[in-house]
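Have a look at the structure below, then the notes.
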Amino acid sequence: MLSFSAVIACSTPKNRVLQANHTPVIRTDTVKINADAVDLPPVTEALEAQQAVDIPVVVTTEDQVREMMRQGINKGADWTETIHYDVRKPNFVIIHHTAQHSLNQTIRTFQLPHTKVSSHYVIGKDGRVVQMLNDYLRSWHAGRSKWGNVTDLNSVSIGIELDNNGKEPFPEAQIGALLSLLDTLKTKYQIPFTNFIGHADIAPTRKDDPSVLFPWKRLAERGFGVWYDESNLLPVPDNFNHVDALRIIGYDVSNLRAAIIAFKRKFIVVDTGETLTEFDKRVLYNLYRRYF
Ligand SMILES: [Zn+2]
């Protein structure tokens, strides 16, 4: 679910122009940062120094990545470059519903300057998959969140938004497209199956997406996320600690009530109250024994 309070109509501000005859656009795949480059003015300063021109040219993603790479160099240390590296890969996938009314509305939301929210992918009800950010860049979809000891989910995850108002079923075409995308991402980045989770899992006090209508069991059967063994729900032992089990699975139990509700919305569905019944505890115990 998106995190801003309201989309307010506004005019897009004029963008400053990075004039090609002064500062050629450098593609990231050709950028070489070295000791000399550290002394160059940052891109943002270079932009400030340029005269604003009233034509709609934007600073490219490559420009912004170049600036971020510059900021990643520690000026308090000596610099000499190794030749062995690649880029950091996503290790989680966070699934959302948009709580909006159309794919186009969400795409526009992620392109308006003031909203400050985004995701890597948006999937329409018809199964259309729209990518809005390179997988290797950090989109702003998770917000304040925690899963296990990971406290900055945006830095380690890919965000996928499903066009859904939060009250309607997820169409087959949309789920089919999601499963195909998840398969690609899991294989490409070697993402553990336990790390396919929902926004409500990582932000239980703030979020409830994807809704109770989302087919988590079906995803788990395809290798994305976890589900309990419905044929083997053993009684819980006397010393079973449900708070520890929730925490070990990943939930932030600092607000136990919110963690329990998030757990029940995902795994129990028909009862989303704030206490664990004997059946709920059997489900939790089963998950805990099965995967963790
Ligand atoms: Zn969300």
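Labeling convention for the structure tokens: chains A, B, ... as they appear, residues from 1 per chain, ligands from 1 in order of appearance.
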**Prompt:** Would you name the residues within 7 Å of ligand 1, counting only C-alpha atoms and all ligand atoms, and put them as a ChimeraX atom specification?
**Reply:** /A:1-2,96-98,141-142,199,207,209
Give me the segment 223-244 of chain A side of the contact with segment 260-275 of chain A, cut-off 10 Å, one line per residue showing its nearest atom pair and distance in Å at one decimal, counting only C-alpha atoms, sorted by chain and residue number, as JSON lines.
```
{"residue": "A:Val226", "atom": "CA", "partner": "A:Phe267", "partner_atom": "CA", "distance": 9.6}
{"residue": "A:Trp227", "atom": "CA", "partner": "A:Phe267", "partner_atom": "CA", "distance": 7.5}
{"residue": "A:Tyr228", "atom": "CA", "partner": "A:Phe267", "partner_atom": "CA", "distance": 8.2}
{"residue": "A:His242", "atom": "CA", "partner": "A:Ile260", "partner_atom": "CA", "distance": 9.7}
{"residue": "A:Val243", "atom": "CA", "partner": "A:Ile260", "partner_atom": "CA", "distance": 9.1}
```
Taking only residues of segment 46-100 of chain A that have an atom at most 10 Å from an atom of segment 108-119 of chain A, what is each one's shortest atom pair and its distance in Å to one decimal, using only C-alpha atoms, in chain and number order, as CSV?
```
residue,atom,partner,partner_atom,distance
A:Ile94,CA,A:Ser119,CA,9.6
A:Ile95,CA,A:Ser119,CA,9.9
A:His96,CA,A:Ser119,CA,9.4
A:Gln100,CA,A:Thr109,CA,9.7
```
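For the atom pair formed by atom CA of Thr194 of chain A and atom CA of Asp126 of chain A, the distance is 27.3 Å, given to one decimal.
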**Request:** Excluding segment 282-289 of chain A and any residue of its chain fewer than 5 positions from it, enumerate the residues within 7 Å of it, using only C-alpha atoms, and give them as number ranges by chain.
**Result:** A: 227-229, 233-236, 245, 249
**Request:** May I have all residues of segment 59-128 of chain A that DSSP, computed from the backbone, assigns to alpha helix (DSSP H), given as a ChimeraX atom specification?
**Result:** /A:61-71,103-109
Need the shell around Leu162 of chain A: protein/DNA/RNA residues with any atom at most 9 Å away, counting only C-alpha atoms. Skip same-chain ones fewer than 5 positions apart. Format as a PDB file with all heavy atoms, in the first residue's frame?
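Okay, this is what ended up in out19.pdb:
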```pdb
ATOM      1  N   ILE A  95       5.639  -7.900  -1.366  1.00  0.00           N
ATOM      2  CA  ILE A  95       4.436  -7.793  -2.195  1.00  0.00           C
ATOM      3  C   ILE A  95       3.438  -6.835  -1.530  1.00  0.00           C
ATOM      4  O   ILE A  95       3.224  -6.888  -0.311  1.00  0.00           O
ATOM      5  CB  ILE A  95       3.817  -9.189  -2.404  1.00  0.00           C
ATOM      6  CG1 ILE A  95       4.813 -10.074  -3.172  1.00  0.00           C
ATOM      7  CG2 ILE A  95       2.485  -9.094  -3.146  1.00  0.00           C
ATOM      8  CD1 ILE A  95       4.426 -11.528  -3.236  1.00  0.00           C
ATOM      9  N   HIS A  96       2.846  -5.991  -2.358  1.00  0.00           N
ATOM     10  CA  HIS A  96       1.892  -4.975  -1.898  1.00  0.00           C
ATOM     11  C   HIS A  96       0.614  -5.045  -2.730  1.00  0.00           C
ATOM     12  O   HIS A  96       0.605  -5.566  -3.837  1.00  0.00           O
ATOM     13  CB  HIS A  96       2.451  -3.554  -2.123  1.00  0.00           C
ATOM     14  CG  HIS A  96       3.799  -3.286  -1.549  1.00  0.00           C
ATOM     15  ND1 HIS A  96       3.976  -2.484  -0.449  1.00  0.00           N
ATOM     16  CD2 HIS A  96       5.037  -3.676  -1.935  1.00  0.00           C
ATOM     17  CE1 HIS A  96       5.275  -2.383  -0.185  1.00  0.00           C
ATOM     18  NE2 HIS A  96       5.937  -3.104  -1.067  1.00  0.00           N
ATOM     19  N   HIS A  97      -0.479  -4.452  -2.194  1.00  0.00           N
ATOM     20  CA  HIS A  97      -1.541  -4.000  -3.090  1.00  0.00           C
ATOM     21  C   HIS A  97      -1.538  -2.475  -3.056  1.00  0.00           C
ATOM     22  O   HIS A  97      -1.139  -1.862  -2.064  1.00  0.00           O
ATOM     23  CB  HIS A  97      -2.917  -4.610  -2.751  1.00  0.00           C
ATOM     24  CG  HIS A  97      -3.552  -4.146  -1.478  1.00  0.00           C
ATOM     25  ND1 HIS A  97      -4.124  -5.000  -0.565  1.00  0.00           N
ATOM     26  CD2 HIS A  97      -3.728  -2.902  -0.963  1.00  0.00           C
ATOM     27  CE1 HIS A  97      -4.615  -4.307   0.453  1.00  0.00           C
ATOM     28  NE2 HIS A  97      -4.387  -3.046   0.225  1.00  0.00           N
ATOM     29  N   THR A  98      -1.956  -1.873  -4.153  1.00  0.00           N
ATOM     30  CA  THR A  98      -1.790  -0.421  -4.294  1.00  0.00           C
ATOM     31  C   THR A  98      -2.785   0.384  -3.471  1.00  0.00           C
ATOM     32  O   THR A  98      -2.522   1.539  -3.135  1.00  0.00           O
ATOM     33  CB  THR A  98      -1.965   0.003  -5.765  1.00  0.00           C
ATOM     34  OG1 THR A  98      -3.276  -0.367  -6.194  1.00  0.00           O
ATOM     35  CG2 THR A  98      -0.922  -0.665  -6.643  1.00  0.00           C
ATOM     36  N   ALA A  99      -3.971  -0.202  -3.193  1.00  0.00           N
ATOM     37  CA  ALA A  99      -5.080   0.558  -2.580  1.00  0.00           C
ATOM     38  C   ALA A  99      -5.468   1.746  -3.456  1.00  0.00           C
ATOM     39  O   ALA A  99      -5.944   2.762  -2.956  1.00  0.00           O
ATOM     40  CB  ALA A  99      -4.750   0.995  -1.159  1.00  0.00           C
ATOM     41  N   LEU A 103      -4.017   0.856 -12.749  1.00  0.00           N
ATOM     42  CA  LEU A 103      -2.575   0.770 -13.000  1.00  0.00           C
ATOM     43  C   LEU A 103      -2.022   2.144 -13.343  1.00  0.00           C
ATOM     44  O   LEU A 103      -0.981   2.559 -12.832  1.00  0.00           O
ATOM     45  CB  LEU A 103      -2.334  -0.216 -14.149  1.00  0.00           C
ATOM     46  CG  LEU A 103      -0.896  -0.445 -14.596  1.00  0.00           C
ATOM     47  CD1 LEU A 103      -0.098  -1.147 -13.518  1.00  0.00           C
ATOM     48  CD2 LEU A 103      -0.864  -1.243 -15.884  1.00  0.00           C
ATOM     49  N   TYR A 121       8.150  -2.781  -9.558  1.00  0.00           N
ATOM     50  CA  TYR A 121       7.182  -3.303 -10.521  1.00  0.00           C
ATOM     51  C   TYR A 121       5.759  -2.954 -10.075  1.00  0.00           C
ATOM     52  O   TYR A 121       5.466  -2.909  -8.872  1.00  0.00           O
ATOM     53  CB  TYR A 121       7.285  -4.823 -10.630  1.00  0.00           C
ATOM     54  CG  TYR A 121       8.616  -5.312 -11.156  1.00  0.00           C
ATOM     55  CD1 TYR A 121       9.657  -5.617 -10.282  1.00  0.00           C
ATOM     56  CD2 TYR A 121       8.842  -5.479 -12.523  1.00  0.00           C
ATOM     57  CE1 TYR A 121      10.887  -6.064 -10.760  1.00  0.00           C
ATOM     58  CE2 TYR A 121      10.066  -5.924 -13.008  1.00  0.00           C
ATOM     59  CZ  TYR A 121      11.073  -6.209 -12.113  1.00  0.00           C
ATOM     60  OH  TYR A 121      12.294  -6.649 -12.597  1.00  0.00           O
ATOM     61  N   VAL A 122       4.898  -2.755 -11.057  1.00  0.00           N
ATOM     62  CA  VAL A 122       3.459  -2.653 -10.830  1.00  0.00           C
ATOM     63  C   VAL A 122       2.800  -3.653 -11.785  1.00  0.00           C
ATOM     64  O   VAL A 122       3.154  -3.707 -12.965  1.00  0.00           O
ATOM     65  CB  VAL A 122       2.919  -1.237 -11.104  1.00  0.00           C
ATOM     66  CG1 VAL A 122       1.456  -1.144 -10.675  1.00  0.00           C
ATOM     67  CG2 VAL A 122       3.755  -0.181 -10.395  1.00  0.00           C
ATOM     68  N   ILE A 123       1.870  -4.446 -11.263  1.00  0.00           N
ATOM     69  CA  ILE A 123       1.207  -5.448 -12.100  1.00  0.00           C
ATOM     70  C   ILE A 123      -0.284  -5.127 -12.174  1.00  0.00           C
ATOM     71  O   ILE A 123      -0.956  -4.989 -11.140  1.00  0.00           O
ATOM     72  CB  ILE A 123       1.417  -6.873 -11.546  1.00  0.00           C
ATOM     73  CG1 ILE A 123       2.916  -7.184 -11.437  1.00  0.00           C
ATOM     74  CG2 ILE A 123       0.722  -7.897 -12.453  1.00  0.00           C
ATOM     75  CD1 ILE A 123       3.221  -8.589 -10.927  1.00  0.00           C
ATOM     76  N   GLY A 124      -0.782  -4.993 -13.406  1.00  0.00           N
ATOM     77  CA  GLY A 124      -2.186  -4.671 -13.621  1.00  0.00           C
ATOM     78  C   GLY A 124      -3.081  -5.889 -13.456  1.00  0.00           C
ATOM     79  O   GLY A 124      -2.624  -7.036 -13.415  1.00  0.00           O
ATOM     80  N   LYS A 125      -4.379  -5.627 -13.389  1.00  0.00           N
ATOM     81  CA  LYS A 125      -5.349  -6.714 -13.242  1.00  0.00           C
ATOM     82  C   LYS A 125      -5.335  -7.652 -14.449  1.00  0.00           C
ATOM     83  O   LYS A 125      -5.685  -8.826 -14.342  1.00  0.00           O
ATOM     84  CB  LYS A 125      -6.761  -6.133 -13.060  1.00  0.00           C
ATOM     85  CG  LYS A 125      -6.963  -5.387 -11.755  1.00  0.00           C
ATOM     86  CD  LYS A 125      -8.409  -4.928 -11.643  1.00  0.00           C
ATOM     87  CE  LYS A 125      -8.688  -4.312 -10.281  1.00  0.00           C
ATOM     88  NZ  LYS A 125      -8.055  -2.997 -10.127  1.00  0.00           N
ATOM     89  N   PHE A 170      -7.916 -10.883  -6.422  1.00  0.00           N
ATOM     90  CA  PHE A 170      -6.803 -10.716  -7.363  1.00  0.00           C
ATOM     91  C   PHE A 170      -7.081 -11.607  -8.568  1.00  0.00           C
ATOM     92  O   PHE A 170      -7.142 -12.833  -8.424  1.00  0.00           O
ATOM     93  CB  PHE A 170      -5.482 -11.098  -6.696  1.00  0.00           C
ATOM     94  CG  PHE A 170      -5.107 -10.211  -5.538  1.00  0.00           C
ATOM     95  CD1 PHE A 170      -5.567 -10.491  -4.250  1.00  0.00           C
ATOM     96  CD2 PHE A 170      -4.328  -9.083  -5.723  1.00  0.00           C
ATOM     97  CE1 PHE A 170      -5.234  -9.676  -3.178  1.00  0.00           C
ATOM     98  CE2 PHE A 170      -3.986  -8.254  -4.656  1.00  0.00           C
ATOM     99  CZ  PHE A 170      -4.447  -8.553  -3.377  1.00  0.00           C
ATOM    100  N   GLN A 174      -3.503 -11.612 -13.184  1.00  0.00           N
ATOM    101  CA  GLN A 174      -2.561 -10.842 -12.358  1.00  0.00           C
ATOM    102  C   GLN A 174      -1.673 -11.778 -11.530  1.00  0.00           C
ATOM    103  O   GLN A 174      -0.458 -11.579 -11.441  1.00  0.00           O
ATOM    104  CB  GLN A 174      -3.350  -9.903 -11.438  1.00  0.00           C
ATOM    105  CG  GLN A 174      -2.512  -8.896 -10.698  1.00  0.00           C
ATOM    106  CD  GLN A 174      -3.381  -7.954  -9.883  1.00  0.00           C
ATOM    107  OE1 GLN A 174      -4.367  -8.362  -9.264  1.00  0.00           O
ATOM    108  NE2 GLN A 174      -3.042  -6.681  -9.884  1.00  0.00           N
ATOM    109  N   ILE A 175      -2.280 -12.790 -10.928  1.00  0.00           N
ATOM    110  CA  ILE A 175      -1.497 -13.725 -10.119  1.00  0.00           C
ATOM    111  C   ILE A 175      -0.561 -14.543 -11.012  1.00  0.00           C
ATOM    112  O   ILE A 175       0.592 -14.809 -10.650  1.00  0.00           O
ATOM    113  CB  ILE A 175      -2.431 -14.646  -9.307  1.00  0.00           C
ATOM    114  CG1 ILE A 175      -3.231 -13.810  -8.298  1.00  0.00           C
ATOM    115  CG2 ILE A 175      -1.623 -15.717  -8.581  1.00  0.00           C
ATOM    116  CD1 ILE A 175      -2.390 -13.019  -7.315  1.00  0.00           C
ATOM    117  N   LEU A 178       2.329 -12.394 -11.740  1.00  0.00           N
ATOM    118  CA  LEU A 178       3.162 -12.271 -10.536  1.00  0.00           C
ATOM    119  C   LEU A 178       4.035 -13.514 -10.357  1.00  0.00           C
ATOM    120  O   LEU A 178       5.242 -13.396 -10.115  1.00  0.00           O
ATOM    121  CB  LEU A 178       2.268 -12.076  -9.304  1.00  0.00           C
ATOM    122  CG  LEU A 178       2.998 -12.123  -7.955  1.00  0.00           C
ATOM    123  CD1 LEU A 178       3.960 -10.951  -7.806  1.00  0.00           C
ATOM    124  CD2 LEU A 178       1.992 -12.141  -6.793  1.00  0.00           C
ATOM    125  N   PRO A 210      -0.418  -7.279   1.281  1.00  0.00           N
ATOM    126  CA  PRO A 210      -1.628  -7.468   0.485  1.00  0.00           C
ATOM    127  C   PRO A 210      -2.783  -7.990   1.344  1.00  0.00           C
ATOM    128  O   PRO A 210      -2.560  -8.550   2.409  1.00  0.00           O
ATOM    129  CB  PRO A 210      -1.212  -8.499  -0.570  1.00  0.00           C
ATOM    130  CG  PRO A 210      -0.136  -9.287   0.096  1.00  0.00           C
ATOM    131  CD  PRO A 210       0.597  -8.313   0.969  1.00  0.00           C
TER     132      PRO A 210
END
```
**Request:** Just the strand (DSSP E) stuff from segment 58-223 of chain A, please, per backbone DSSP, written as a list in words.
**Result:** Phe92, Val93, Ile94, Ile95, His96, His97, Tyr121, Val122, Ile123, Val129, Val130, Gln131, Ser157, Ile158, Gly159, Ile160, Glu161, Leu162, Phe196, Ile197 and Gly198 of chain A
Selection file, C-alpha atoms, as an mmCIF file, in the first residue's frame:
```cif
data_model
loop_
_atom_site.group_PDB
_atom_site.id
_atom_site.type_symbol
_atom_site.label_atom_id
_atom_site.label_comp_id
_atom_site.auth_asym_id
_atom_site.auth_seq_id
_atom_site.Cartn_x
_atom_site.Cartn_y
_atom_site.Cartn_z
ATOM 1 C CA PHE A 92 13.880 -10.120 -0.497
ATOM 2 C CA VAL A 93 10.679 -9.531 -2.460
ATOM 3 C CA ILE A 94 7.957 -7.475 -0.783
ATOM 4 C CA ILE A 95 4.436 -7.793 -2.195
ATOM 5 C CA HIS A 96 1.892 -4.975 -1.898
ATOM 6 C CA HIS A 97 -1.541 -4.000 -3.090
ATOM 7 C CA TYR A 121 7.182 -3.303 -10.521
ATOM 8 C CA VAL A 122 3.459 -2.653 -10.830
ATOM 9 C CA ILE A 123 1.207 -5.448 -12.100
ATOM 10 C CA VAL A 129 3.853 -6.066 -15.784
ATOM 11 C CA VAL A 130 5.339 -2.557 -15.714
ATOM 12 C CA GLN A 131 8.875 -2.107 -14.396
ATOM 13 C CA SER A 157 14.337 -5.893 -1.508
ATOM 14 C CA ILE A 158 12.390 -5.616 -4.711
ATOM 15 C CA GLY A 159 8.941 -4.070 -4.304
ATOM 16 C CA ILE A 160 6.015 -5.366 -6.338
ATOM 17 C CA GLU A 161 2.706 -3.502 -6.292
ATOM 18 C CA LEU A 162 -0.477 -5.250 -7.429
ATOM 19 C CA PHE A 196 9.025 -13.610 -0.311
ATOM 20 C CA ILE A 197 6.818 -11.704 2.120
ATOM 21 C CA GLY A 198 4.150 -9.017 2.326
#
```
